[in-house]
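my_file_4.txt (compact mmCIF, N, CA, C and O atoms)
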```txt
# COMPACT_ATOMS: atom_id res chain seq x y z
N MET C 1 -2.77 10.69 -4.26
CA MET C 1 -3.80 10.76 -3.23
C MET C 1 -3.85 12.20 -2.75
O MET C 1 -2.85 12.81 -2.44
N SER C 2 -5.04 12.72 -2.65
CA SER C 2 -5.20 14.11 -2.26
C SER C 2 -5.16 14.27 -0.74
O SER C 2 -5.45 13.33 0.01
N ILE C 3 -4.83 15.45 -0.30
CA ILE C 3 -4.78 15.74 1.13
C ILE C 3 -6.18 15.64 1.73
O ILE C 3 -6.34 15.21 2.88
N GLU C 4 -7.20 15.98 0.98
CA GLU C 4 -8.57 15.89 1.49
C GLU C 4 -8.93 14.45 1.85
O GLU C 4 -9.54 14.20 2.88
N ARG C 5 -8.55 13.53 1.00
CA ARG C 5 -8.85 12.12 1.26
C ARG C 5 -8.09 11.62 2.49
O ARG C 5 -8.63 10.93 3.34
N THR C 6 -6.83 12.00 2.59
CA THR C 6 -6.04 11.60 3.74
C THR C 6 -6.63 12.16 5.03
O THR C 6 -6.77 11.45 6.03
N LEU C 7 -7.03 13.43 5.01
CA LEU C 7 -7.62 14.03 6.21
C LEU C 7 -8.94 13.36 6.58
O LEU C 7 -9.21 13.15 7.77
N THR C 8 -9.73 13.02 5.60
CA THR C 8 -10.99 12.32 5.86
C THR C 8 -10.72 10.98 6.54
O THR C 8 -11.41 10.61 7.49
N GLN C 9 -9.72 10.28 6.07
CA GLN C 9 -9.40 8.98 6.65
C GLN C 9 -8.80 9.11 8.05
O GLN C 9 -8.91 8.20 8.86
N LEU C 10 -8.18 10.23 8.35
CA LEU C 10 -7.60 10.45 9.67
C LEU C 10 -8.64 10.86 10.71
O LEU C 10 -8.38 10.81 11.91
N GLN C 11 -9.82 11.25 10.26
CA GLN C 11 -10.85 11.72 11.18
C GLN C 11 -11.64 10.54 11.73
O GLN C 11 -12.78 10.31 11.40
N VAL C 12 -10.98 9.82 12.61
CA VAL C 12 -11.58 8.67 13.28
C VAL C 12 -11.52 8.92 14.78
O VAL C 12 -10.91 9.88 15.24
N ASN C 13 -12.14 8.06 15.54
CA ASN C 13 -12.12 8.20 16.98
C ASN C 13 -11.22 7.12 17.57
O ASN C 13 -11.69 6.05 17.95
N PRO C 14 -9.90 7.39 17.67
CA PRO C 14 -9.00 6.38 18.21
C PRO C 14 -9.27 6.15 19.70
O PRO C 14 -9.63 7.07 20.42
N THR C 15 -9.08 4.92 20.12
CA THR C 15 -9.39 4.57 21.51
C THR C 15 -8.31 5.02 22.48
O THR C 15 -8.60 5.23 23.65
N THR C 16 -7.07 5.15 22.03
CA THR C 16 -5.97 5.54 22.90
C THR C 16 -5.08 6.55 22.18
O THR C 16 -5.09 6.62 20.94
N PRO C 17 -4.27 7.29 22.91
CA PRO C 17 -3.30 8.19 22.27
C PRO C 17 -2.30 7.44 21.40
O PRO C 17 -1.86 7.95 20.36
N GLU C 18 -1.95 6.22 21.81
CA GLU C 18 -1.02 5.42 21.01
C GLU C 18 -1.62 5.07 19.65
O GLU C 18 -0.95 5.10 18.63
N ARG C 19 -2.92 4.74 19.66
CA ARG C 19 -3.60 4.42 18.40
C ARG C 19 -3.69 5.66 17.52
O ARG C 19 -3.53 5.58 16.29
N ALA C 20 -3.93 6.82 18.10
CA ALA C 20 -3.97 8.07 17.33
C ALA C 20 -2.60 8.32 16.68
O ALA C 20 -2.52 8.75 15.53
N ARG C 21 -1.53 8.03 17.43
CA ARG C 21 -0.18 8.20 16.88
C ARG C 21 0.03 7.25 15.70
O ARG C 21 0.57 7.64 14.67
N GLU C 22 -0.38 5.99 15.84
CA GLU C 22 -0.25 5.02 14.75
C GLU C 22 -1.00 5.49 13.51
O GLU C 22 -0.48 5.45 12.40
N ILE C 23 -2.24 5.93 13.70
CA ILE C 23 -3.06 6.37 12.57
C ILE C 23 -2.46 7.61 11.92
O ILE C 23 -2.42 7.73 10.70
N GLY C 24 -1.98 8.54 12.73
CA GLY C 24 -1.35 9.74 12.19
C GLY C 24 -0.11 9.42 11.37
O GLY C 24 0.12 10.01 10.31
N GLN C 25 0.69 8.47 11.85
CA GLN C 25 1.88 8.06 11.11
C GLN C 25 1.51 7.38 9.80
O GLN C 25 2.13 7.62 8.77
N LEU C 26 0.49 6.52 9.84
CA LEU C 26 0.04 5.88 8.61
C LEU C 26 -0.48 6.91 7.62
O LEU C 26 -0.24 6.81 6.41
N GLY C 27 -1.20 7.91 8.12
CA GLY C 27 -1.69 8.98 7.25
C GLY C 27 -0.55 9.75 6.61
O GLY C 27 -0.61 10.08 5.42
N TYR C 28 0.50 10.02 7.38
CA TYR C 28 1.65 10.73 6.83
C TYR C 28 2.32 9.91 5.72
O TYR C 28 2.62 10.42 4.65
N MET C 29 2.50 8.61 5.99
CA MET C 29 3.12 7.74 4.98
C MET C 29 2.26 7.65 3.73
O MET C 29 2.78 7.66 2.61
N GLN C 30 0.95 7.57 3.89
CA GLN C 30 0.04 7.51 2.76
C GLN C 30 0.10 8.81 1.96
O GLN C 30 0.18 8.79 0.73
N TRP C 31 0.07 9.93 2.67
CA TRP C 31 0.14 11.23 1.99
C TRP C 31 1.46 11.37 1.23
O TRP C 31 1.47 11.78 0.07
N LEU C 32 2.56 10.99 1.87
CA LEU C 32 3.87 11.09 1.23
C LEU C 32 3.95 10.21 -0.01
O LEU C 32 4.48 10.62 -1.04
N ASP C 33 3.40 9.01 0.08
CA ASP C 33 3.42 8.09 -1.05
C ASP C 33 2.59 8.61 -2.22
O ASP C 33 2.87 8.32 -3.37
N GLY C 34 1.57 9.40 -1.92
CA GLY C 34 0.70 9.92 -2.97
C GLY C 34 1.21 11.15 -3.68
O GLY C 34 0.61 11.61 -4.66
N LEU C 35 2.34 11.70 -3.22
CA LEU C 35 2.89 12.89 -3.88
C LEU C 35 3.48 12.52 -5.23
O LEU C 35 4.13 11.48 -5.37
N PRO C 36 3.28 13.37 -6.23
CA PRO C 36 3.93 13.12 -7.51
C PRO C 36 5.46 13.17 -7.37
O PRO C 36 5.98 13.87 -6.49
N GLY C 37 6.16 12.46 -8.21
CA GLY C 37 7.61 12.40 -8.14
C GLY C 37 8.30 13.73 -8.32
O GLY C 37 9.37 13.97 -7.77
N ASP C 38 7.68 14.62 -9.07
CA ASP C 38 8.31 15.92 -9.33
C ASP C 38 7.78 17.03 -8.41
O ASP C 38 8.07 18.20 -8.61
N ALA C 39 7.03 16.67 -7.38
CA ALA C 39 6.45 17.66 -6.47
C ALA C 39 7.52 18.24 -5.56
O ALA C 39 8.47 17.56 -5.17
N CYS C 40 7.35 19.49 -5.20
CA CYS C 40 8.22 20.15 -4.24
C CYS C 40 7.72 19.80 -2.84
O CYS C 40 6.60 20.17 -2.46
N TYR C 41 8.53 19.08 -2.06
CA TYR C 41 8.10 18.64 -0.74
C TYR C 41 7.75 19.82 0.15
O TYR C 41 6.74 19.79 0.85
N LEU C 42 8.54 20.85 0.14
CA LEU C 42 8.30 22.02 0.99
C LEU C 42 6.93 22.63 0.72
O LEU C 42 6.17 22.90 1.64
N THR C 43 6.59 22.79 -0.54
CA THR C 43 5.30 23.35 -0.92
C THR C 43 4.16 22.43 -0.52
O THR C 43 3.17 22.86 0.07
N GLU C 44 4.28 21.15 -0.85
CA GLU C 44 3.22 20.18 -0.56
C GLU C 44 3.01 20.01 0.94
O GLU C 44 1.88 19.95 1.42
N ALA C 45 4.10 19.95 1.70
CA ALA C 45 3.99 19.78 3.15
C ALA C 45 3.36 21.02 3.79
O ALA C 45 2.55 20.90 4.71
N THR C 46 3.72 22.19 3.32
CA THR C 46 3.14 23.42 3.85
C THR C 46 1.64 23.48 3.56
O THR C 46 0.84 23.83 4.44
N CYS C 47 1.25 23.11 2.36
CA CYS C 47 -0.17 23.10 2.00
C CYS C 47 -0.93 22.07 2.85
O CYS C 47 -2.04 22.36 3.34
N ALA C 48 -0.36 20.89 3.04
CA ALA C 48 -1.01 19.86 3.85
C ALA C 48 -1.10 20.31 5.31
O ALA C 48 -2.13 20.10 5.97
N TYR C 49 -0.07 20.96 5.80
CA TYR C 49 -0.06 21.45 7.18
C TYR C 49 -1.19 22.47 7.39
O TYR C 49 -1.91 22.41 8.38
N MET C 50 -1.35 23.36 6.45
CA MET C 50 -2.40 24.38 6.54
C MET C 50 -3.79 23.76 6.38
O MET C 50 -4.73 24.16 7.05
N ALA C 51 -3.92 22.78 5.49
CA ALA C 51 -5.22 22.15 5.25
C ALA C 51 -5.68 21.36 6.47
O ALA C 51 -6.88 21.25 6.73
N ALA C 52 -4.75 20.84 7.24
CA ALA C 52 -5.10 20.04 8.42
C ALA C 52 -5.39 20.88 9.65
O ALA C 52 -5.93 20.37 10.63
N ALA C 53 -5.05 22.15 9.62
CA ALA C 53 -5.19 23.03 10.80
C ALA C 53 -6.59 23.03 11.42
O ALA C 53 -6.72 22.93 12.64
N PRO C 54 -7.68 23.12 10.64
CA PRO C 54 -9.00 23.18 11.26
C PRO C 54 -9.41 21.92 12.03
O PRO C 54 -10.31 21.96 12.85
N PHE C 55 -8.75 20.81 11.77
CA PHE C 55 -9.14 19.54 12.37
C PHE C 55 -8.24 19.11 13.52
O PHE C 55 -8.50 18.12 14.18
N GLU C 56 -7.18 19.85 13.76
CA GLU C 56 -6.19 19.45 14.76
C GLU C 56 -6.77 19.36 16.17
O GLU C 56 -6.48 18.43 16.92
N ALA C 57 -7.62 20.30 16.54
CA ALA C 57 -8.15 20.33 17.91
C ALA C 57 -9.16 19.22 18.19
O ALA C 57 -9.31 18.79 19.33
N THR C 58 -9.84 18.74 17.16
CA THR C 58 -10.89 17.76 17.38
C THR C 58 -10.50 16.33 17.02
O THR C 58 -11.18 15.40 17.44
N ASP C 59 -9.44 16.16 16.25
CA ASP C 59 -9.05 14.83 15.79
C ASP C 59 -7.59 14.55 16.15
O ASP C 59 -6.68 15.12 15.54
N PRO C 60 -7.34 13.67 17.12
CA PRO C 60 -5.97 13.41 17.57
C PRO C 60 -5.05 12.85 16.48
O PRO C 60 -3.86 13.16 16.45
N ALA C 61 -5.58 12.06 15.56
CA ALA C 61 -4.74 11.51 14.49
C ALA C 61 -4.30 12.63 13.54
O ALA C 61 -3.17 12.61 13.04
N VAL C 62 -5.16 13.60 13.30
CA VAL C 62 -4.79 14.74 12.46
C VAL C 62 -3.73 15.58 13.16
O VAL C 62 -2.79 16.08 12.53
N ALA C 63 -3.84 15.73 14.47
CA ALA C 63 -2.83 16.46 15.23
C ALA C 63 -1.46 15.78 15.11
O ALA C 63 -0.44 16.46 14.95
N GLU C 64 -1.45 14.46 15.15
CA GLU C 64 -0.20 13.72 14.98
C GLU C 64 0.35 13.91 13.57
O GLU C 64 1.55 14.10 13.38
N PHE C 65 -0.53 13.86 12.59
CA PHE C 65 -0.14 14.09 11.19
C PHE C 65 0.50 15.47 11.05
O PHE C 65 1.56 15.61 10.44
N ARG C 66 -0.13 16.49 11.62
CA ARG C 66 0.41 17.86 11.56
C ARG C 66 1.75 17.96 12.28
O ARG C 66 2.66 18.65 11.83
N ALA C 67 1.88 17.26 13.41
CA ALA C 67 3.15 17.29 14.14
C ALA C 67 4.29 16.69 13.29
O ALA C 67 5.40 17.21 13.29
N LEU C 68 3.99 15.62 12.56
CA LEU C 68 5.00 15.03 11.68
C LEU C 68 5.37 15.98 10.55
O LEU C 68 6.54 16.11 10.20
N LEU C 69 4.37 16.64 9.98
CA LEU C 69 4.66 17.61 8.93
C LEU C 69 5.53 18.74 9.46
O LEU C 69 6.52 19.13 8.83
N LYS C 70 5.18 19.26 10.62
CA LYS C 70 5.96 20.36 11.22
C LYS C 70 7.38 19.93 11.51
O LYS C 70 8.33 20.65 11.22
N GLN C 71 7.52 18.73 12.06
CA GLN C 71 8.85 18.21 12.36
C GLN C 71 9.68 18.08 11.09
O GLN C 71 10.86 18.42 11.07
N SER C 72 9.06 17.62 10.01
CA SER C 72 9.79 17.45 8.75
C SER C 72 10.15 18.79 8.13
O SER C 72 11.18 18.91 7.46
N LEU C 73 9.32 19.81 8.36
CA LEU C 73 9.62 21.14 7.82
C LEU C 73 10.67 21.86 8.66
O LEU C 73 11.51 22.59 8.12
N ASP C 74 10.64 21.66 9.97
CA ASP C 74 11.59 22.33 10.85
C ASP C 74 13.00 21.75 10.74
O ASP C 74 13.99 22.48 10.87
N ALA C 75 13.11 20.46 10.56
CA ALA C 75 14.41 19.79 10.47
C ALA C 75 14.39 18.82 9.30
O ALA C 75 14.26 17.60 9.48
N PRO C 76 14.50 19.35 8.06
CA PRO C 76 14.32 18.49 6.89
C PRO C 76 15.34 17.38 6.71
O PRO C 76 15.06 16.39 6.07
N MET C 77 16.49 17.50 7.31
CA MET C 77 17.52 16.47 7.12
C MET C 77 17.54 15.44 8.26
O MET C 77 18.39 14.57 8.29
N GLN C 78 16.60 15.53 9.19
CA GLN C 78 16.53 14.59 10.29
C GLN C 78 15.48 13.52 9.99
O GLN C 78 14.40 13.84 9.51
N PRO C 79 15.77 12.26 10.30
CA PRO C 79 14.78 11.20 10.05
C PRO C 79 13.60 11.33 11.02
O PRO C 79 13.77 11.73 12.17
N LEU C 80 12.43 10.99 10.53
CA LEU C 80 11.23 10.98 11.37
C LEU C 80 11.09 9.62 12.04
O LEU C 80 11.48 8.60 11.48
N ASP C 81 10.52 9.61 13.21
CA ASP C 81 10.29 8.37 13.95
C ASP C 81 8.96 7.78 13.47
O ASP C 81 7.91 8.04 14.04
N LEU C 82 9.02 6.99 12.39
CA LEU C 82 7.84 6.37 11.81
C LEU C 82 7.92 4.86 11.97
O LEU C 82 9.00 4.28 11.86
N ALA C 83 6.78 4.26 12.23
CA ALA C 83 6.74 2.80 12.36
C ALA C 83 5.36 2.31 11.95
O ALA C 83 4.36 3.01 12.14
N LEU C 84 5.32 1.13 11.40
CA LEU C 84 4.04 0.49 11.12
C LEU C 84 3.45 -0.01 12.43
O LEU C 84 4.19 -0.38 13.34
N PRO C 85 2.13 -0.03 12.55
CA PRO C 85 1.52 -0.53 13.79
C PRO C 85 1.85 -2.00 14.02
O PRO C 85 1.97 -2.77 13.07
N LYS C 86 1.98 -2.36 15.27
CA LYS C 86 2.21 -3.76 15.60
C LYS C 86 0.92 -4.53 15.34
O LYS C 86 -0.16 -4.07 15.70
N PRO C 87 1.02 -5.70 14.72
CA PRO C 87 -0.19 -6.47 14.45
C PRO C 87 -0.87 -6.91 15.75
O PRO C 87 -0.21 -7.40 16.67
N ARG C 88 -2.16 -6.68 15.83
CA ARG C 88 -2.95 -7.14 16.97
C ARG C 88 -4.42 -7.07 16.61
O ARG C 88 -4.81 -6.35 15.70
N ARG C 89 -5.21 -7.81 17.33
CA ARG C 89 -6.65 -7.80 17.08
C ARG C 89 -7.23 -6.51 17.61
O ARG C 89 -6.90 -6.07 18.70
N ARG C 90 -8.10 -5.92 16.83
CA ARG C 90 -8.71 -4.66 17.23
C ARG C 90 -10.23 -4.74 17.26
O ARG C 90 -10.90 -3.73 17.28
N GLY C 91 -10.79 -5.91 17.20
CA GLY C 91 -12.23 -6.04 17.32
C GLY C 91 -12.93 -6.48 16.05
O GLY C 91 -14.09 -6.83 16.09
N GLY C 92 -12.26 -6.45 14.92
CA GLY C 92 -12.84 -6.92 13.69
C GLY C 92 -14.04 -6.13 13.19
O GLY C 92 -14.19 -4.94 13.44
N ALA C 93 -14.92 -6.83 12.50
CA ALA C 93 -16.08 -6.20 11.87
C ALA C 93 -17.00 -5.56 12.89
O ALA C 93 -17.55 -4.48 12.67
N ARG C 94 -17.19 -6.19 14.01
CA ARG C 94 -18.08 -5.64 15.03
C ARG C 94 -17.59 -4.26 15.50
O ARG C 94 -18.37 -3.32 15.60
N GLU C 95 -16.32 -4.13 15.77
CA GLU C 95 -15.76 -2.84 16.21
C GLU C 95 -15.91 -1.79 15.13
O GLU C 95 -16.19 -0.64 15.41
N ARG C 96 -15.66 -2.17 13.87
CA ARG C 96 -15.82 -1.22 12.77
C ARG C 96 -17.24 -0.72 12.67
O ARG C 96 -17.50 0.46 12.46
N ARG C 97 -18.20 -1.62 12.82
CA ARG C 97 -19.62 -1.20 12.77
C ARG C 97 -19.96 -0.27 13.93
O ARG C 97 -20.67 0.70 13.76
N LEU C 98 -19.43 -0.56 15.11
CA LEU C 98 -19.71 0.28 16.27
C LEU C 98 -19.04 1.65 16.16
O LEU C 98 -19.54 2.61 16.74
N SER C 99 -17.96 1.75 15.40
CA SER C 99 -17.27 3.04 15.30
C SER C 99 -17.95 4.00 14.34
O SER C 99 -17.64 5.18 14.34
N LEU C 100 -18.90 3.52 13.54
CA LEU C 100 -19.57 4.40 12.58
C LEU C 100 -20.66 5.16 13.20
O LEU C 100 -21.25 5.43 13.97
```
Go through the file and emit its structure as structure tokens.
Amino acid sequence: MSIERTLTQLQVNPTTPERAREIGQLGYMQWLDGLPGDACYLTEATCAYMAAAPFEATDPAVAEFRALLKQSLDAPMQPLDLALPKPRRRGGARERRLSL
């Protein structure tokens, strides 16, 4: 999965800061899963961090994604605080249509 696709998916309008954090964490996990097995994490994370820079100020989920990348680059041997979102209703199809 390319960084461009991940960034596009992160450019949503989350309703709360908590939701932006959830989306940013999901984006990080998706990006990490899409890396080739022989990829250099340091190089890939640095490139992703730089690619996300123009969107950080306008998209809270991208800012969270960048914060996770920075944290992983600054302290590579420390675990990141990642979690899957808690299941809950978010409005279904109607909410998705209204968000477009």
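Computed from the coordinates, the CA of Ala45 (chain C) to CA of Lys86 (chain C) distance equals 26.7 Å.
One distance worth recording is that between CA of Leu42 (chain C) and CA of Asp74 (chain C), which is 10.4 Å.
Candidate residues C:Leu73, C:Met29, C:Leu68, C:Ala57 were compared for distance to Tyr41 (chain C), and the nearest is C:Leu73, using only C-alpha atoms.
Taking atom C of Thr8 (chain C) and atom N of Leu69 (chain C) as endpoints, the distance between them is 16.5 Å.
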For this session: Based on DSSP run over this structure's backbone, return all residues of chain C in alpha helix (DSSP H), as a PyMOL selection string.
Result: chain C and resi 3-10+17-33+41-52+60-74+92-99
Exercise. So which one's closest to Glu22 (chain C), C:Arg97, C:Pro60, C:Pro76, C:Lys70? Using all atoms listed in the file, please.
Worked result: C:Pro60
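For Leu26 (chain C), the residues within 8 Å (counting only N, CA, C and O atoms, excluding itself and residues fewer than 3 positions away along the chain) are Thr6, Arg19, Ala20, Arg21, Glu22, Ile23, Met29, Gln30, Trp31, Leu32, Asp33, Ala61, Phe65, Leu82, Ala83, Leu84 and Pro85 of chain C.
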Export region 43-77 of chain C from the structure block above, keeping N, CA and C atoms, as a PDB file, in the first residue's frame.
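The resulting file, result.pdb, is reproduced below:
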```
ATOM      1  N   THR C  43      14.100   4.355   6.491  1.00  0.00           N
ATOM      2  CA  THR C  43      13.922   5.061   5.220  1.00  0.00           C
ATOM      3  C   THR C  43      12.447   5.266   4.910  1.00  0.00           C
ATOM      4  N   GLU C  44      11.654   4.210   5.029  1.00  0.00           N
ATOM      5  CA  GLU C  44      10.228   4.286   4.711  1.00  0.00           C
ATOM      6  C   GLU C  44       9.491   5.235   5.655  1.00  0.00           C
ATOM      7  N   ALA C  45       9.810   5.178   6.935  1.00  0.00           N
ATOM      8  CA  ALA C  45       9.144   6.047   7.908  1.00  0.00           C
ATOM      9  C   ALA C  45       9.523   7.512   7.673  1.00  0.00           C
ATOM     10  N   THR C  46      10.761   7.766   7.342  1.00  0.00           N
ATOM     11  CA  THR C  46      11.192   9.133   7.058  1.00  0.00           C
ATOM     12  C   THR C  46      10.487   9.673   5.821  1.00  0.00           C
ATOM     13  N   CYS C  47      10.387   8.866   4.789  1.00  0.00           N
ATOM     14  CA  CYS C  47       9.685   9.287   3.568  1.00  0.00           C
ATOM     15  C   CYS C  47       8.203   9.546   3.856  1.00  0.00           C
ATOM     16  N   ALA C  48       7.572   8.670   4.624  1.00  0.00           N
ATOM     17  CA  ALA C  48       6.159   8.849   4.965  1.00  0.00           C
ATOM     18  C   ALA C  48       5.971  10.100   5.818  1.00  0.00           C
ATOM     19  N   TYR C  49       6.882  10.337   6.741  1.00  0.00           N
ATOM     20  CA  TYR C  49       6.809  11.517   7.605  1.00  0.00           C
ATOM     21  C   TYR C  49       6.879  12.796   6.768  1.00  0.00           C
ATOM     22  N   MET C  50       7.769  12.823   5.816  1.00  0.00           N
ATOM     23  CA  MET C  50       7.919  13.998   4.949  1.00  0.00           C
ATOM     24  C   MET C  50       6.714  14.147   4.008  1.00  0.00           C
ATOM     25  N   ALA C  51       6.197  13.038   3.502  1.00  0.00           N
ATOM     26  CA  ALA C  51       5.060  13.095   2.581  1.00  0.00           C
ATOM     27  C   ALA C  51       3.801  13.603   3.281  1.00  0.00           C
ATOM     28  N   ALA C  52       3.679  13.338   4.569  1.00  0.00           N
ATOM     29  CA  ALA C  52       2.490  13.751   5.314  1.00  0.00           C
ATOM     30  C   ALA C  52       2.567  15.194   5.803  1.00  0.00           C
ATOM     31  N   ALA C  53       3.727  15.805   5.743  1.00  0.00           N
ATOM     32  CA  ALA C  53       3.926  17.160   6.290  1.00  0.00           C
ATOM     33  C   ALA C  53       2.938  18.199   5.762  1.00  0.00           C
ATOM     34  N   PRO C  54       2.649  18.257   4.456  1.00  0.00           N
ATOM     35  CA  PRO C  54       1.739  19.306   3.972  1.00  0.00           C
ATOM     36  C   PRO C  54       0.303  19.204   4.487  1.00  0.00           C
ATOM     37  N   PHE C  55      -0.077  18.046   4.990  1.00  0.00           N
ATOM     38  CA  PHE C  55      -1.463  17.823   5.411  1.00  0.00           C
ATOM     39  C   PHE C  55      -1.652  17.879   6.923  1.00  0.00           C
ATOM     40  N   GLU C  56      -0.574  17.999   7.661  1.00  0.00           N
ATOM     41  CA  GLU C  56      -0.644  17.931   9.119  1.00  0.00           C
ATOM     42  C   GLU C  56      -1.504  19.043   9.722  1.00  0.00           C
ATOM     43  N   ALA C  57      -1.390  20.252   9.205  1.00  0.00           N
ATOM     44  CA  ALA C  57      -2.112  21.385   9.790  1.00  0.00           C
ATOM     45  C   ALA C  57      -3.614  21.337   9.529  1.00  0.00           C
ATOM     46  N   THR C  58      -4.023  20.708   8.446  1.00  0.00           N
ATOM     47  CA  THR C  58      -5.438  20.721   8.076  1.00  0.00           C
ATOM     48  C   THR C  58      -6.182  19.428   8.392  1.00  0.00           C
ATOM     49  N   ASP C  59      -5.459  18.351   8.616  1.00  0.00           N
ATOM     50  CA  ASP C  59      -6.094  17.053   8.843  1.00  0.00           C
ATOM     51  C   ASP C  59      -5.603  16.433  10.151  1.00  0.00           C
ATOM     52  N   PRO C  60      -6.446  16.395  11.180  1.00  0.00           N
ATOM     53  CA  PRO C  60      -6.018  15.885  12.486  1.00  0.00           C
ATOM     54  C   PRO C  60      -5.564  14.421  12.470  1.00  0.00           C
ATOM     55  N   ALA C  61      -6.168  13.591  11.634  1.00  0.00           N
ATOM     56  CA  ALA C  61      -5.758  12.185  11.574  1.00  0.00           C
ATOM     57  C   ALA C  61      -4.349  12.063  10.980  1.00  0.00           C
ATOM     58  N   VAL C  62      -4.027  12.911  10.020  1.00  0.00           N
ATOM     59  CA  VAL C  62      -2.676  12.911   9.448  1.00  0.00           C
ATOM     60  C   VAL C  62      -1.672  13.384  10.491  1.00  0.00           C
ATOM     61  N   ALA C  63      -2.049  14.363  11.303  1.00  0.00           N
ATOM     62  CA  ALA C  63      -1.171  14.836  12.373  1.00  0.00           C
ATOM     63  C   ALA C  63      -0.874  13.702  13.363  1.00  0.00           C
ATOM     64  N   GLU C  64      -1.886  12.911  13.677  1.00  0.00           N
ATOM     65  CA  GLU C  64      -1.680  11.764  14.569  1.00  0.00           C
ATOM     66  C   GLU C  64      -0.770  10.731  13.920  1.00  0.00           C
ATOM     67  N   PHE C  65      -0.977  10.480  12.642  1.00  0.00           N
ATOM     68  CA  PHE C  65      -0.128   9.559  11.880  1.00  0.00           C
ATOM     69  C   PHE C  65       1.325  10.017  11.935  1.00  0.00           C
ATOM     70  N   ARG C  66       1.554  11.309  11.692  1.00  0.00           N
ATOM     71  CA  ARG C  66       2.920  11.867  11.737  1.00  0.00           C
ATOM     72  C   ARG C  66       3.513  11.762  13.135  1.00  0.00           C
ATOM     73  N   ALA C  67       2.687  11.991  14.158  1.00  0.00           N
ATOM     74  CA  ALA C  67       3.188  11.887  15.534  1.00  0.00           C
ATOM     75  C   ALA C  67       3.649  10.455  15.841  1.00  0.00           C
ATOM     76  N   LEU C  68       2.912   9.469  15.353  1.00  0.00           N
ATOM     77  CA  LEU C  68       3.324   8.077  15.549  1.00  0.00           C
ATOM     78  C   LEU C  68       4.620   7.770  14.814  1.00  0.00           C
ATOM     79  N   LEU C  69       4.746   8.276  13.596  1.00  0.00           N
ATOM     80  CA  LEU C  69       5.988   8.077  12.852  1.00  0.00           C
ATOM     81  C   LEU C  69       7.166   8.710  13.587  1.00  0.00           C
ATOM     82  N   LYS C  70       6.982   9.933  14.054  1.00  0.00           N
ATOM     83  CA  LYS C  70       8.055  10.639  14.776  1.00  0.00           C
ATOM     84  C   LYS C  70       8.430   9.896  16.041  1.00  0.00           C
ATOM     85  N   GLN C  71       7.422   9.440  16.767  1.00  0.00           N
ATOM     86  CA  GLN C  71       7.681   8.698  18.003  1.00  0.00           C
ATOM     87  C   GLN C  71       8.470   7.421  17.706  1.00  0.00           C
ATOM     88  N   SER C  72       8.122   6.735  16.627  1.00  0.00           N
ATOM     89  CA  SER C  72       8.820   5.498  16.284  1.00  0.00           C
ATOM     90  C   SER C  72      10.246   5.763  15.816  1.00  0.00           C
ATOM     91  N   LEU C  73      10.472   6.920  15.193  1.00  0.00           N
ATOM     92  CA  LEU C  73      11.822   7.262  14.741  1.00  0.00           C
ATOM     93  C   LEU C  73      12.686   7.753  15.904  1.00  0.00           C
ATOM     94  N   ASP C  74      12.091   8.482  16.835  1.00  0.00           N
ATOM     95  CA  ASP C  74      12.847   9.017  17.968  1.00  0.00           C
ATOM     96  C   ASP C  74      13.240   7.938  18.973  1.00  0.00           C
ATOM     97  N   ALA C  75      12.378   6.976  19.189  1.00  0.00           N
ATOM     98  CA  ALA C  75      12.641   5.901  20.155  1.00  0.00           C
ATOM     99  C   ALA C  75      12.271   4.565  19.525  1.00  0.00           C
ATOM    100  N   PRO C  76      13.139   4.058  18.630  1.00  0.00           N
ATOM    101  CA  PRO C  76      12.770   2.864  17.859  1.00  0.00           C
ATOM    102  C   PRO C  76      12.560   1.589  18.675  1.00  0.00           C
ATOM    103  N   MET C  77      13.104   1.517  19.853  1.00  0.00           N
ATOM    104  CA  MET C  77      12.962   0.286  20.638  1.00  0.00           C
ATOM    105  C   MET C  77      11.826   0.364  21.661  1.00  0.00           C
TER     106      MET C  77
END
```
